[in-house]
Amino acid sequence: MNIGIVCYPTFGGSGVIATELAKGLAENDHQVHILSYARPARLDTFQTNVTFHEVDLSSYPLFEYPPYDLALANVMASLIQYEKLDVLHVHYAIPHATSAYLAKQILGEMAAQVPIITTLHGTDITVVGSDPSYKRVVDFSINQSDGVTAVSEYLKEETYRRFDIQKEIRVIPNFIDIERFKRNSNRTLKEKFAPGGSKVLVHVSNFREVKRVPEVVSVFHKVVEHGVEARLLMVGDGPDRKKAEQRCRDLGVCDKVRFLGKQEHVEEILSIADLFLIPSGSETFGLAALEAMGCSVPVISSDIGGLPEVNIHGETGYLCDLDDIDCMGEYAIKLLTDKKLHSKMAKNARKRAEKFELKRLVTVYEEYYKEVAAGLSS
Ligand code: GMT
């Protein structure tokens with residue numbers, strides 16, 4: 001098949017999933033075209049049948065904000081026409097689903113049999129998509145897509161609750177490359193970050209408000225306060241980094257916390273981790289937690305959104321009520337001080353992560369493409 005994949009190029013989960021899917025489809029001999037305004041972070045290896053198309057934005061004195069959605073629709077229409085796309089799969093509804101609809105309208109009959117598939121990821125539904133400034137367009141564009149998928153049952157239900165969607169939403173969960181995200185212990189690295197056998201707690205995110213990064217530091221403080229020798233590695237960057245740094249100063253744990261910034265190969269850091277913390281206030285899936293679990297790291301998360309579909313309470317880690325720092329701290333201490341329990345949960349975490357294996361879910365998407373295309377031609 002000739003497949004167009006549209007995504008944001010940033011470190012966020014939707015861009016990661018779109019790029020890994022593109023690479024997986026290419027492995028299965030499809031020709032894949034990736035469209036975005038910059039090369040996606042995870043598009044880091046050369047594959048002969050993956051082509052990246054950078055959407056170029058011409059500026060003009062009248063435009064304070066050049067209309068990206070129009071430039072994108074223009075590239076989409078060209079690719080459908082000249083690269084003979086069999087399917088166009090957009091990740092994150094805004095503005096991708098709208099641009100796809102427009103591209104199809106531009107081409108008319110020529111594109112009638114080319115399915116537009118929209119994968120809903122998170123804030124495109126729960127935050128920005130529901131904002132009154134965009135809601136009607138998002139509602140319309142999702143309904144105009146030929147196929148719609150959501151990354152969790154929670155997101156599917158939220159979409160029906162918040163929008164007037166007349167279509168079936170298929171849940172296709174996120175996935176990881178379990179060969180990449182597996183534990184590859186590196187004692188030297190661990191000793192550098194956590195000398196003398198200290199425990200390593202890790203958090204990975206884009207440090208937006210929703211990730212509650214200062215709370216990560218507070219949970220870590222509980223662990224240290226209890227007397228557990230530990231270090232916290234904070235991976236990523238974003239608007240709330242300064243607040244988290246300030247929380248370290250306020251709680252007097254700066255000497256035990258390292259802010260490592262954005263990292264390409266998080267699996268190396270996850271491989272020296274004893275515990276992963278994700279106290280988010282909103283999370284439709286929690287890909288970062290799944291990546292940690294792939295590396296045999298138990299997870300302590302908030303009990304919200306799609307996180308309970310990934311992290312199983314008492315099996316792969318623990319879930320606590322939102323903002324219940326005491327609960328998260330207590331479970332962290334329990335896990336870090338009970339070797340037998342930790343080893344059991346680490347194994348369970350890996351086992352659960354294997355259920356979200358990339359190759360299997362790439363096949364699920366392939367089957368879904370065929371199913372939606374068949375629906376258009378019947
Ligand atoms: O909504 C975001 O935070 C961005 C979005 C993305 O585009 O990266 O993340 C969402 O999609 C990820 C991949 O499907 C999920 O793992 C994240 O849970 C989800 N984030 C939120 O719901 C906050």
# chains A, B, ... in the order shown; residues from 1 in each chain; ligands from 1
>>> residues_around(residues="Phe46 (chain A)", least_positions_apart="3", cutoff="12 Å", atoms="only C-alpha atoms", output="number ranges by chain")
A: 23, 26-27, 42-43, 49-52
>>> write_last_selection(atoms="N, CA and C atoms", output="short mmCIF file (atom, residue, chain, number, x, y, z; two decimals), in the first residue's frame")
data_model
loop_
_atom_site.label_atom_id
_atom_site.label_comp_id
_atom_site.auth_asym_id
_atom_site.auth_seq_id
_atom_site.Cartn_x
_atom_site.Cartn_y
_atom_site.Cartn_z
N LYS A 23 7.40 3.43 10.51
CA LYS A 23 8.56 2.56 10.34
C LYS A 23 8.14 1.09 10.29
N ALA A 26 6.61 0.34 6.97
CA ALA A 26 7.67 0.26 5.95
C ALA A 26 8.36 -1.11 6.02
N GLU A 27 8.58 -1.60 7.24
CA GLU A 27 9.17 -2.94 7.43
C GLU A 27 8.32 -4.00 6.75
N ARG A 42 11.51 10.86 16.24
CA ARG A 42 11.82 9.42 16.18
C ARG A 42 12.17 8.93 14.77
N LEU A 43 12.14 9.83 13.77
CA LEU A 43 12.51 9.40 12.41
C LEU A 43 14.03 9.54 12.29
N ASN A 49 11.91 2.84 2.01
CA ASN A 49 10.52 3.11 1.65
C ASN A 49 9.78 4.04 2.62
N VAL A 50 10.55 4.90 3.30
CA VAL A 50 9.92 5.97 4.09
C VAL A 50 10.40 7.31 3.51
N THR A 51 9.44 8.13 3.12
CA THR A 51 9.79 9.45 2.58
C THR A 51 9.20 10.51 3.49
N PHE A 52 10.02 11.48 3.85
CA PHE A 52 9.51 12.56 4.69
C PHE A 52 9.21 13.79 3.82
#
>>> residues_around(residues="Ile178 (chain A)", least_positions_apart="6", cutoff="9 Å", atoms="only C-alpha atoms", output="list in words")
Glu291, Gly294, Cys295, Arg350, Ala353, Glu354, Phe356, Glu357 and Leu358 of chain A
>>> residues_around(residues="region 223-226 of chain A", least_positions_apart="2", cutoff="12 Å", atoms="only C-alpha atoms", output="ChimeraX atom specification")
/A:198-201,216-221,228-232,251-257,275,325-337
>>> select_by_dssp(residues="region 55-290 of chain A", states="alpha helix (DSSP H)", output="ChimeraX atom specification")
/A:68-82,96-107,123-126,135-144,153-162,187-193,213-225,241-251,266-270,287-290
>>> write_last_selection(atoms="C-alpha atoms", output="PDB file, in the first residue's frame")
ATOM      1  CA  TYR A  68      -0.515  25.632   8.388  1.00  0.00           C
ATOM      2  CA  ASP A  69      -3.762  23.683   7.924  1.00  0.00           C
ATOM      3  CA  LEU A  70      -4.061  24.985   4.332  1.00  0.00           C
ATOM      4  CA  ALA A  71      -0.425  24.290   3.451  1.00  0.00           C
ATOM      5  CA  LEU A  72      -0.860  20.786   4.874  1.00  0.00           C
ATOM      6  CA  ALA A  73      -4.053  20.175   2.857  1.00  0.00           C
ATOM      7  CA  ASN A  74      -2.147  21.263  -0.242  1.00  0.00           C
ATOM      8  CA  VAL A  75       0.626  18.681   0.341  1.00  0.00           C
ATOM      9  CA  MET A  76      -1.957  16.011   1.192  1.00  0.00           C
ATOM     10  CA  ALA A  77      -3.822  16.618  -2.082  1.00  0.00           C
ATOM     11  CA  SER A  78      -0.567  16.404  -4.064  1.00  0.00           C
ATOM     12  CA  LEU A  79       0.465  13.170  -2.403  1.00  0.00           C
ATOM     13  CA  ILE A  80      -2.944  11.548  -2.883  1.00  0.00           C
ATOM     14  CA  GLN A  81      -2.824  12.532  -6.544  1.00  0.00           C
ATOM     15  CA  TYR A  82       0.813  11.961  -7.502  1.00  0.00           C
ATOM     16  CA  HIS A  96      -4.879  17.208  10.666  1.00  0.00           C
ATOM     17  CA  ALA A  97      -8.376  15.726  10.275  1.00  0.00           C
ATOM     18  CA  THR A  98      -9.649  19.046   8.950  1.00  0.00           C
ATOM     19  CA  SER A  99      -6.819  19.389   6.422  1.00  0.00           C
ATOM     20  CA  ALA A 100      -7.439  15.809   5.286  1.00  0.00           C
ATOM     21  CA  TYR A 101     -11.122  16.542   4.724  1.00  0.00           C
ATOM     22  CA  LEU A 102     -10.198  19.612   2.689  1.00  0.00           C
ATOM     23  CA  ALA A 103      -7.654  17.673   0.587  1.00  0.00           C
ATOM     24  CA  LYS A 104     -10.303  15.094  -0.221  1.00  0.00           C
ATOM     25  CA  GLN A 105     -12.781  17.784  -1.204  1.00  0.00           C
ATOM     26  CA  ILE A 106     -10.178  19.394  -3.482  1.00  0.00           C
ATOM     27  CA  LEU A 107      -9.665  16.129  -5.361  1.00  0.00           C
ATOM     28  CA  THR A 123      -5.578  16.713  24.317  1.00  0.00           C
ATOM     29  CA  ASP A 124      -7.005  16.927  20.789  1.00  0.00           C
ATOM     30  CA  ILE A 125     -10.152  15.696  22.583  1.00  0.00           C
ATOM     31  CA  THR A 126      -9.740  16.400  26.270  1.00  0.00           C
ATOM     32  CA  LYS A 135     -14.989  22.347  19.043  1.00  0.00           C
ATOM     33  CA  ARG A 136     -17.382  22.556  16.087  1.00  0.00           C
ATOM     34  CA  VAL A 137     -14.605  22.118  13.549  1.00  0.00           C
ATOM     35  CA  VAL A 138     -13.181  19.152  15.446  1.00  0.00           C
ATOM     36  CA  ASP A 139     -16.613  17.551  15.742  1.00  0.00           C
ATOM     37  CA  PHE A 140     -17.224  18.017  12.021  1.00  0.00           C
ATOM     38  CA  SER A 141     -13.783  16.784  10.959  1.00  0.00           C
ATOM     39  CA  ILE A 142     -13.948  13.615  13.073  1.00  0.00           C
ATOM     40  CA  ASN A 143     -17.382  12.827  11.642  1.00  0.00           C
ATOM     41  CA  GLN A 144     -16.041  13.347   8.112  1.00  0.00           C
ATOM     42  CA  GLU A 153     -11.232   2.844  25.939  1.00  0.00           C
ATOM     43  CA  TYR A 154     -11.159   5.908  28.155  1.00  0.00           C
ATOM     44  CA  LEU A 155     -10.457   8.212  25.207  1.00  0.00           C
ATOM     45  CA  LYS A 156     -13.165   6.556  23.130  1.00  0.00           C
ATOM     46  CA  GLU A 157     -15.733   7.178  25.879  1.00  0.00           C
ATOM     47  CA  GLU A 158     -14.510  10.731  26.460  1.00  0.00           C
ATOM     48  CA  THR A 159     -14.852  11.464  22.742  1.00  0.00           C
ATOM     49  CA  TYR A 160     -18.454  10.249  22.684  1.00  0.00           C
ATOM     50  CA  ARG A 161     -19.161  12.201  25.856  1.00  0.00           C
ATOM     51  CA  ARG A 162     -17.690  15.490  24.689  1.00  0.00           C
ATOM     52  CA  ARG A 187      26.146  -0.923  35.955  1.00  0.00           C
ATOM     53  CA  THR A 188      28.625   1.825  35.082  1.00  0.00           C
ATOM     54  CA  LEU A 189      25.815   4.226  34.134  1.00  0.00           C
ATOM     55  CA  LYS A 190      23.841   3.326  37.240  1.00  0.00           C
ATOM     56  CA  GLU A 191      26.879   3.877  39.465  1.00  0.00           C
ATOM     57  CA  LYS A 192      27.440   7.303  37.882  1.00  0.00           C
ATOM     58  CA  PHE A 193      23.934   8.517  38.596  1.00  0.00           C
ATOM     59  CA  VAL A 213       6.303  17.525  37.508  1.00  0.00           C
ATOM     60  CA  PRO A 214       6.679  19.345  40.856  1.00  0.00           C
ATOM     61  CA  GLU A 215       4.613  16.497  42.370  1.00  0.00           C
ATOM     62  CA  VAL A 216       7.188  14.003  41.057  1.00  0.00           C
ATOM     63  CA  VAL A 217       9.761  15.788  43.207  1.00  0.00           C
ATOM     64  CA  SER A 218       7.407  15.740  46.204  1.00  0.00           C
ATOM     65  CA  VAL A 219       6.930  11.974  45.922  1.00  0.00           C
ATOM     66  CA  PHE A 220      10.692  11.544  45.677  1.00  0.00           C
ATOM     67  CA  HIS A 221      11.111  13.697  48.787  1.00  0.00           C
ATOM     68  CA  LYS A 222       8.830  11.303  50.718  1.00  0.00           C
ATOM     69  CA  VAL A 223      11.089   8.414  49.715  1.00  0.00           C
ATOM     70  CA  VAL A 224      14.270  10.199  50.799  1.00  0.00           C
ATOM     71  CA  GLU A 225      12.641  11.458  53.995  1.00  0.00           C
ATOM     72  CA  ARG A 241      10.709  22.583  34.588  1.00  0.00           C
ATOM     73  CA  LYS A 242      11.435  25.701  36.621  1.00  0.00           C
ATOM     74  CA  LYS A 243       8.613  24.894  39.050  1.00  0.00           C
ATOM     75  CA  ALA A 244      10.042  21.402  39.533  1.00  0.00           C
ATOM     76  CA  GLU A 245      13.528  22.812  40.096  1.00  0.00           C
ATOM     77  CA  GLN A 246      12.091  25.212  42.652  1.00  0.00           C
ATOM     78  CA  ARG A 247      10.308  22.311  44.405  1.00  0.00           C
ATOM     79  CA  CYS A 248      13.719  20.584  44.716  1.00  0.00           C
ATOM     80  CA  ARG A 249      15.146  23.694  46.369  1.00  0.00           C
ATOM     81  CA  ASP A 250      12.123  24.092  48.663  1.00  0.00           C
ATOM     82  CA  LEU A 251      12.366  20.476  49.806  1.00  0.00           C
ATOM     83  CA  VAL A 266      15.340   7.018  27.033  1.00  0.00           C
ATOM     84  CA  GLU A 267      15.572   3.221  27.093  1.00  0.00           C
ATOM     85  CA  GLU A 268      19.163   3.544  28.387  1.00  0.00           C
ATOM     86  CA  ILE A 269      17.979   5.620  31.330  1.00  0.00           C
ATOM     87  CA  LEU A 270      14.916   3.448  31.932  1.00  0.00           C
ATOM     88  CA  LEU A 287       3.046   5.881  26.554  1.00  0.00           C
ATOM     89  CA  ALA A 288       5.941   6.905  28.801  1.00  0.00           C
ATOM     90  CA  ALA A 289       4.695   4.450  31.451  1.00  0.00           C
ATOM     91  CA  LEU A 290       4.499   1.655  28.873  1.00  0.00           C
TER      92      LEU A 290
END
>>> atom_distance(atom1="atom 11 (O, counted along the ligand's line) of ligand 1", atom2="CA of Lys84 (chain A)")
29.0 Å
>>> select_by_dssp(residues="region 145-278 of chain A", states="strand (DSSP E or B)", output="number ranges by chain")
A: 147-150, 169-171, 176, 199-204, 230-235, 257-261, 275-278
>>> closest_residue(among="A:Gly317, A:Pro115, A:Gly286, A:Pro239", to="Val372 (chain A)", atoms="only C-alpha atoms")
A:Pro115
>>> closest_residue(among="A:Ser14, A:Ser377, A:Ser296, A:Gln31", to="ligand 1", atoms="only C-alpha atoms and all ligand atoms")
A:Ser14
>>> residues_around(residues="Cys320 (chain A)", least_positions_apart="6", cutoff="9 Å", atoms="only C-alpha atoms", output="ChimeraX atom specification")
/A:279,300-304,313,327-328,331
>>> write_last_selection(atoms="all heavy atoms", output="PDB file, in the first residue's frame")
ATOM      1  N   PRO A 279       2.566  11.063  37.809  1.00  0.00           N
ATOM      2  CA  PRO A 279       1.410  11.518  38.588  1.00  0.00           C
ATOM      3  C   PRO A 279       0.475  12.447  37.812  1.00  0.00           C
ATOM      4  O   PRO A 279      -0.198  13.285  38.407  1.00  0.00           O
ATOM      5  CB  PRO A 279       2.083  12.283  39.737  1.00  0.00           C
ATOM      6  CG  PRO A 279       3.330  12.845  39.132  1.00  0.00           C
ATOM      7  CD  PRO A 279       3.755  11.932  38.014  1.00  0.00           C
ATOM      8  N   ILE A 300       4.416   3.906  39.317  1.00  0.00           N
ATOM      9  CA  ILE A 300       3.420   4.491  40.231  1.00  0.00           C
ATOM     10  C   ILE A 300       2.793   5.660  39.487  1.00  0.00           C
ATOM     11  O   ILE A 300       3.488   6.573  39.026  1.00  0.00           O
ATOM     12  CB  ILE A 300       4.050   4.930  41.562  1.00  0.00           C
ATOM     13  CG1 ILE A 300       4.511   3.672  42.302  1.00  0.00           C
ATOM     14  CG2 ILE A 300       3.038   5.726  42.394  1.00  0.00           C
ATOM     15  CD1 ILE A 300       5.060   3.902  43.677  1.00  0.00           C
ATOM     16  N   SER A 301       1.481   5.582  39.320  1.00  0.00           N
ATOM     17  CA  SER A 301       0.796   6.592  38.511  1.00  0.00           C
ATOM     18  C   SER A 301      -0.445   7.085  39.229  1.00  0.00           C
ATOM     19  O   SER A 301      -0.896   6.478  40.210  1.00  0.00           O
ATOM     20  CB  SER A 301       0.369   5.978  37.164  1.00  0.00           C
ATOM     21  OG  SER A 301      -0.622   5.001  37.366  1.00  0.00           O
ATOM     22  N   SER A 302      -1.009   8.146  38.689  1.00  0.00           N
ATOM     23  CA  SER A 302      -2.314   8.563  39.190  1.00  0.00           C
ATOM     24  C   SER A 302      -3.370   7.661  38.545  1.00  0.00           C
ATOM     25  O   SER A 302      -3.162   7.114  37.457  1.00  0.00           O
ATOM     26  CB  SER A 302      -2.583  10.033  38.874  1.00  0.00           C
ATOM     27  OG  SER A 302      -2.090  10.358  37.614  1.00  0.00           O
ATOM     28  N   ASP A 303      -4.487   7.535  39.244  1.00  0.00           N
ATOM     29  CA  ASP A 303      -5.548   6.634  38.791  1.00  0.00           C
ATOM     30  C   ASP A 303      -6.541   7.437  37.950  1.00  0.00           C
ATOM     31  O   ASP A 303      -7.676   7.662  38.358  1.00  0.00           O
ATOM     32  CB  ASP A 303      -6.232   6.040  40.039  1.00  0.00           C
ATOM     33  CG  ASP A 303      -7.185   4.924  39.668  1.00  0.00           C
ATOM     34  OD1 ASP A 303      -7.209   4.529  38.489  1.00  0.00           O
ATOM     35  OD2 ASP A 303      -7.913   4.457  40.570  1.00  0.00           O
ATOM     36  N   ILE A 304      -6.082   7.880  36.796  1.00  0.00           N
ATOM     37  CA  ILE A 304      -6.954   8.725  35.962  1.00  0.00           C
ATOM     38  C   ILE A 304      -6.842   8.293  34.495  1.00  0.00           C
ATOM     39  O   ILE A 304      -5.888   7.600  34.116  1.00  0.00           O
ATOM     40  CB  ILE A 304      -6.581  10.227  36.050  1.00  0.00           C
ATOM     41  CG1 ILE A 304      -5.081  10.414  35.812  1.00  0.00           C
ATOM     42  CG2 ILE A 304      -6.975  10.841  37.378  1.00  0.00           C
ATOM     43  CD1 ILE A 304      -4.705  10.872  34.498  1.00  0.00           C
ATOM     44  N   HIS A 313      -2.967  -1.986  38.958  1.00  0.00           N
ATOM     45  CA  HIS A 313      -2.730  -1.783  40.395  1.00  0.00           C
ATOM     46  C   HIS A 313      -2.383  -3.106  41.088  1.00  0.00           C
ATOM     47  O   HIS A 313      -3.102  -4.091  40.972  1.00  0.00           O
ATOM     48  CB  HIS A 313      -3.978  -1.166  41.030  1.00  0.00           C
ATOM     49  CG  HIS A 313      -3.787  -0.804  42.471  1.00  0.00           C
ATOM     50  ND1 HIS A 313      -3.039   0.276  42.876  1.00  0.00           N
ATOM     51  CD2 HIS A 313      -4.227  -1.398  43.605  1.00  0.00           C
ATOM     52  CE1 HIS A 313      -3.038   0.349  44.187  1.00  0.00           C
ATOM     53  NE2 HIS A 313      -3.754  -0.663  44.658  1.00  0.00           N
ATOM     54  N   CYS A 327       0.091   8.770  49.281  1.00  0.00           N
ATOM     55  CA  CYS A 327      -0.158   7.426  48.742  1.00  0.00           C
ATOM     56  C   CYS A 327       0.981   7.017  47.803  1.00  0.00           C
ATOM     57  O   CYS A 327       1.547   5.920  47.932  1.00  0.00           O
ATOM     58  CB  CYS A 327      -1.507   7.420  48.021  1.00  0.00           C
ATOM     59  SG  CYS A 327      -1.825   5.973  47.013  1.00  0.00           S
ATOM     60  N   MET A 328       1.346   7.913  46.902  1.00  0.00           N
ATOM     61  CA  MET A 328       2.418   7.583  45.945  1.00  0.00           C
ATOM     62  C   MET A 328       3.738   7.358  46.676  1.00  0.00           C
ATOM     63  O   MET A 328       4.493   6.433  46.348  1.00  0.00           O
ATOM     64  CB  MET A 328       2.553   8.695  44.898  1.00  0.00           C
ATOM     65  CG  MET A 328       1.349   8.740  43.968  1.00  0.00           C
ATOM     66  SD  MET A 328       1.569   9.875  42.607  1.00  0.00           S
ATOM     67  CE  MET A 328      -0.124  10.137  42.112  1.00  0.00           C
ATOM     68  N   TYR A 331       3.633   3.899  48.502  1.00  0.00           N
ATOM     69  CA  TYR A 331       3.830   2.766  47.587  1.00  0.00           C
ATOM     70  C   TYR A 331       5.266   2.727  47.050  1.00  0.00           C
ATOM     71  O   TYR A 331       5.836   1.650  46.852  1.00  0.00           O
ATOM     72  CB  TYR A 331       2.833   2.830  46.423  1.00  0.00           C
ATOM     73  CG  TYR A 331       1.471   2.276  46.779  1.00  0.00           C
ATOM     74  CD1 TYR A 331       0.313   2.983  46.485  1.00  0.00           C
ATOM     75  CD2 TYR A 331       1.350   1.023  47.381  1.00  0.00           C
ATOM     76  CE1 TYR A 331      -0.945   2.467  46.796  1.00  0.00           C
ATOM     77  CE2 TYR A 331       0.097   0.509  47.701  1.00  0.00           C
ATOM     78  CZ  TYR A 331      -1.044   1.233  47.406  1.00  0.00           C
ATOM     79  OH  TYR A 331      -2.285   0.718  47.718  1.00  0.00           O
TER      80      TYR A 331
END
>>> closest_residue(among="A:Val127, A:Leu361, A:Ala349, A:Ala111", to="ligand 1", atoms="only C-alpha atoms and all ligand atoms")
A:Val127
>>> residues_near_ligand(ligand="ligand 1", cutoff="7 Å", atoms="only C-alpha atoms and all ligand atoms", output="PyMOL selection string")
chain A and resi 12-15+17+92+121-124+151+174+210+282-288
>>> write_last_selection(atoms="N, CA, C and O atoms", output="short mmCIF file (atom, residue, chain, number, x, y, z; two decimals), in the first residue's frame")
data_model
loop_
_atom_site.label_atom_id
_atom_site.label_comp_id
_atom_site.auth_asym_id
_atom_site.auth_seq_id
_atom_site.Cartn_x
_atom_site.Cartn_y
_atom_site.Cartn_z
N GLY A 12 6.22 14.56 21.80
CA GLY A 12 4.95 14.05 22.34
C GLY A 12 4.61 12.66 21.82
O GLY A 12 5.08 12.23 20.75
N GLY A 13 3.76 11.97 22.58
CA GLY A 13 3.42 10.59 22.26
C GLY A 13 2.78 10.37 20.90
O GLY A 13 3.01 9.34 20.26
N SER A 14 1.96 11.32 20.44
CA SER A 14 1.27 11.08 19.16
C SER A 14 2.27 11.04 18.02
O SER A 14 2.16 10.21 17.10
N GLY A 15 3.29 11.91 18.08
CA GLY A 15 4.33 11.92 17.05
C GLY A 15 5.17 10.65 17.11
O GLY A 15 5.56 10.08 16.08
N ILE A 17 4.16 7.65 18.26
CA ILE A 17 3.36 6.52 17.77
C ILE A 17 3.26 6.57 16.24
O ILE A 17 3.44 5.55 15.55
N TYR A 92 -3.72 12.89 15.73
CA TYR A 92 -4.11 14.10 16.45
C TYR A 92 -5.07 14.86 15.53
O TYR A 92 -4.74 15.24 14.42
N HIS A 121 -5.64 11.13 20.04
CA HIS A 121 -4.56 10.81 20.99
C HIS A 121 -4.79 11.29 22.40
O HIS A 121 -4.42 10.61 23.35
N GLY A 122 -5.30 12.51 22.55
CA GLY A 122 -5.38 12.98 23.94
C GLY A 122 -5.97 14.36 24.03
O GLY A 122 -7.19 14.55 23.98
N THR A 123 -5.09 15.35 24.11
CA THR A 123 -5.58 16.71 24.32
C THR A 123 -6.33 17.24 23.09
O THR A 123 -7.02 18.25 23.19
N ASP A 124 -6.19 16.54 21.95
CA ASP A 124 -7.01 16.93 20.79
C ASP A 124 -8.49 16.72 21.10
O ASP A 124 -9.37 17.30 20.46
N VAL A 151 -6.78 5.78 21.27
CA VAL A 151 -5.69 4.98 21.84
C VAL A 151 -6.07 4.25 23.13
O VAL A 151 -5.28 3.47 23.64
N ASN A 174 -1.87 2.11 22.04
CA ASN A 174 -0.49 2.44 21.68
C ASN A 174 0.39 1.21 21.84
O ASN A 174 -0.01 0.20 22.42
N VAL A 210 0.03 19.57 32.91
CA VAL A 210 -0.75 18.35 33.09
C VAL A 210 0.10 17.19 33.64
O VAL A 210 -0.42 16.26 34.26
N SER A 282 -3.96 14.40 33.65
CA SER A 282 -4.75 13.93 32.51
C SER A 282 -3.82 13.12 31.62
O SER A 282 -2.70 13.54 31.35
N GLU A 283 -4.29 11.94 31.23
CA GLU A 283 -3.44 11.06 30.43
C GLU A 283 -4.36 10.05 29.76
O GLU A 283 -4.98 9.25 30.43
N THR A 284 -4.45 10.11 28.44
CA THR A 284 -5.38 9.20 27.79
C THR A 284 -4.81 7.79 27.66
O THR A 284 -5.55 6.82 27.48
N PHE A 285 -3.49 7.67 27.73
CA PHE A 285 -2.87 6.36 27.64
C PHE A 285 -1.66 6.29 28.59
O PHE A 285 -1.67 5.54 29.54
N GLY A 286 -0.65 7.11 28.31
CA GLY A 286 0.56 7.09 29.14
C GLY A 286 1.64 6.24 28.50
O GLY A 286 2.12 5.27 29.09
N LEU A 287 2.02 6.64 27.29
CA LEU A 287 3.05 5.88 26.55
C LEU A 287 4.36 5.81 27.33
O LEU A 287 5.05 4.78 27.30
N ALA A 288 4.68 6.88 28.04
CA ALA A 288 5.94 6.91 28.80
C ALA A 288 5.95 5.79 29.85
O ALA A 288 6.98 5.16 30.09
#
>>> closest_residue(among="A:Glu20, A:Asp237, A:Ala93, A:Thr149", to="Lys211 (chain A)", atoms="only C-alpha atoms")
A:Asp237
>>> atom_distance(atom1="CA of Val55 (chain A)", atom2="CA of Ile5 (chain A)")
12.7 Å
>>> closest_residue(among="A:Asp29, A:Glu54, A:Glu366, A:Glu209", to="Tyr8 (chain A)", atoms="only C-alpha atoms")
A:Glu54
>>> residues_around(residues="Thr316 (chain A)", least_positions_apart="5", cutoff="10 Å", atoms="only C-alpha atoms", output="short mmCIF file (atom, residue, chain, number, x, y, z; two decimals) with C-alpha atoms, in the first residue's frame")
data_model
loop_
_atom_site.label_atom_id
_atom_site.label_comp_id
_atom_site.auth_asym_id
_atom_site.auth_seq_id
_atom_site.Cartn_x
_atom_site.Cartn_y
_atom_site.Cartn_z
CA MET A 293 7.33 -1.17 31.80
CA SER A 296 10.97 -3.93 33.53
CA VAL A 297 10.31 -0.84 35.63
CA PRO A 298 7.26 -0.85 37.94
CA VAL A 299 5.13 2.28 37.68
CA ILE A 300 3.42 4.49 40.23
CA VAL A 310 -1.74 0.28 31.06
CA ASN A 311 -0.58 0.11 34.68
CA HIS A 342 9.97 -5.32 43.39
CA LYS A 344 7.84 -9.69 40.93
CA MET A 345 6.38 -6.36 39.78
CA ALA A 346 9.32 -5.69 37.47
CA LYS A 347 8.67 -9.03 35.76
CA ASN A 348 4.93 -8.37 35.58
CA ALA A 349 5.57 -4.93 34.10
CA ARG A 350 7.63 -6.39 31.28
CA LYS A 351 5.07 -9.14 30.67
CA ARG A 352 2.26 -6.61 30.43
CA ALA A 353 4.29 -4.36 28.10
#
>>> atom_distance(atom1="CA of Ile312 (chain A)", atom2="CA of Ser343 (chain A)")
15.6 Å
>>> residues_around(residues="Gly375 (chain A)", least_positions_apart="3", cutoff="12 Å", atoms="only C-alpha atoms", output="PyMOL selection string")
chain A and resi 112-115+146-147+368-372+378
>>> closest_residue(among="A:Met1, A:Pro132, A:Gly281, A:Lys355", to="Asp321 (chain A)", atoms="only C-alpha atoms")
A:Gly281
>>> decode(residues="region 199-209 of chain A", atoms="N, CA and C atoms", output="mmCIF file, in the first residue's frame")
data_model
loop_
_atom_site.group_PDB
_atom_site.id
_atom_site.type_symbol
_atom_site.label_atom_id
_atom_site.label_comp_id
_atom_site.auth_asym_id
_atom_site.auth_seq_id
_atom_site.Cartn_x
_atom_site.Cartn_y
_atom_site.Cartn_z
ATOM 1 N N LYS A 199 18.816 3.718 44.968
ATOM 2 C CA LYS A 199 17.704 3.418 44.061
ATOM 3 C C LYS A 199 17.544 4.563 43.063
ATOM 4 N N VAL A 200 17.038 4.208 41.864
ATOM 5 C CA VAL A 200 16.853 5.242 40.830
ATOM 6 C C VAL A 200 15.373 5.373 40.490
ATOM 7 N N LEU A 201 14.838 6.576 40.668
ATOM 8 C CA LEU A 201 13.461 6.866 40.261
ATOM 9 C C LEU A 201 13.538 7.731 39.013
ATOM 10 N N VAL A 202 12.671 7.480 38.062
ATOM 11 C CA VAL A 202 12.731 8.217 36.793
ATOM 12 C C VAL A 202 11.360 8.790 36.440
ATOM 13 N N HIS A 203 11.393 9.980 35.850
ATOM 14 C CA HIS A 203 10.184 10.568 35.265
ATOM 15 C C HIS A 203 10.553 11.056 33.868
ATOM 16 N N VAL A 204 9.687 10.776 32.900
ATOM 17 C CA VAL A 204 9.912 11.248 31.526
ATOM 18 C C VAL A 204 8.645 11.939 31.050
ATOM 19 N N SER A 205 8.756 13.176 30.586
ATOM 20 C CA SER A 205 7.582 13.850 30.018
ATOM 21 C C SER A 205 8.007 15.126 29.304
ATOM 22 N N ASN A 206 6.989 15.847 28.829
ATOM 23 C CA ASN A 206 7.268 17.146 28.211
ATOM 24 C C ASN A 206 7.062 18.294 29.217
ATOM 25 N N PHE A 207 7.014 17.971 30.469
ATOM 26 C CA PHE A 207 7.002 18.959 31.565
ATOM 27 C C PHE A 207 5.920 20.029 31.406
ATOM 28 N N ARG A 208 4.777 19.621 30.820
ATOM 29 C CA ARG A 208 3.654 20.564 30.791
ATOM 30 C C ARG A 208 2.910 20.453 32.112
ATOM 31 N N GLU A 209 2.019 21.419 32.356
ATOM 32 C CA GLU A 209 1.331 21.482 33.642
ATOM 33 C C GLU A 209 0.638 20.160 33.979
#
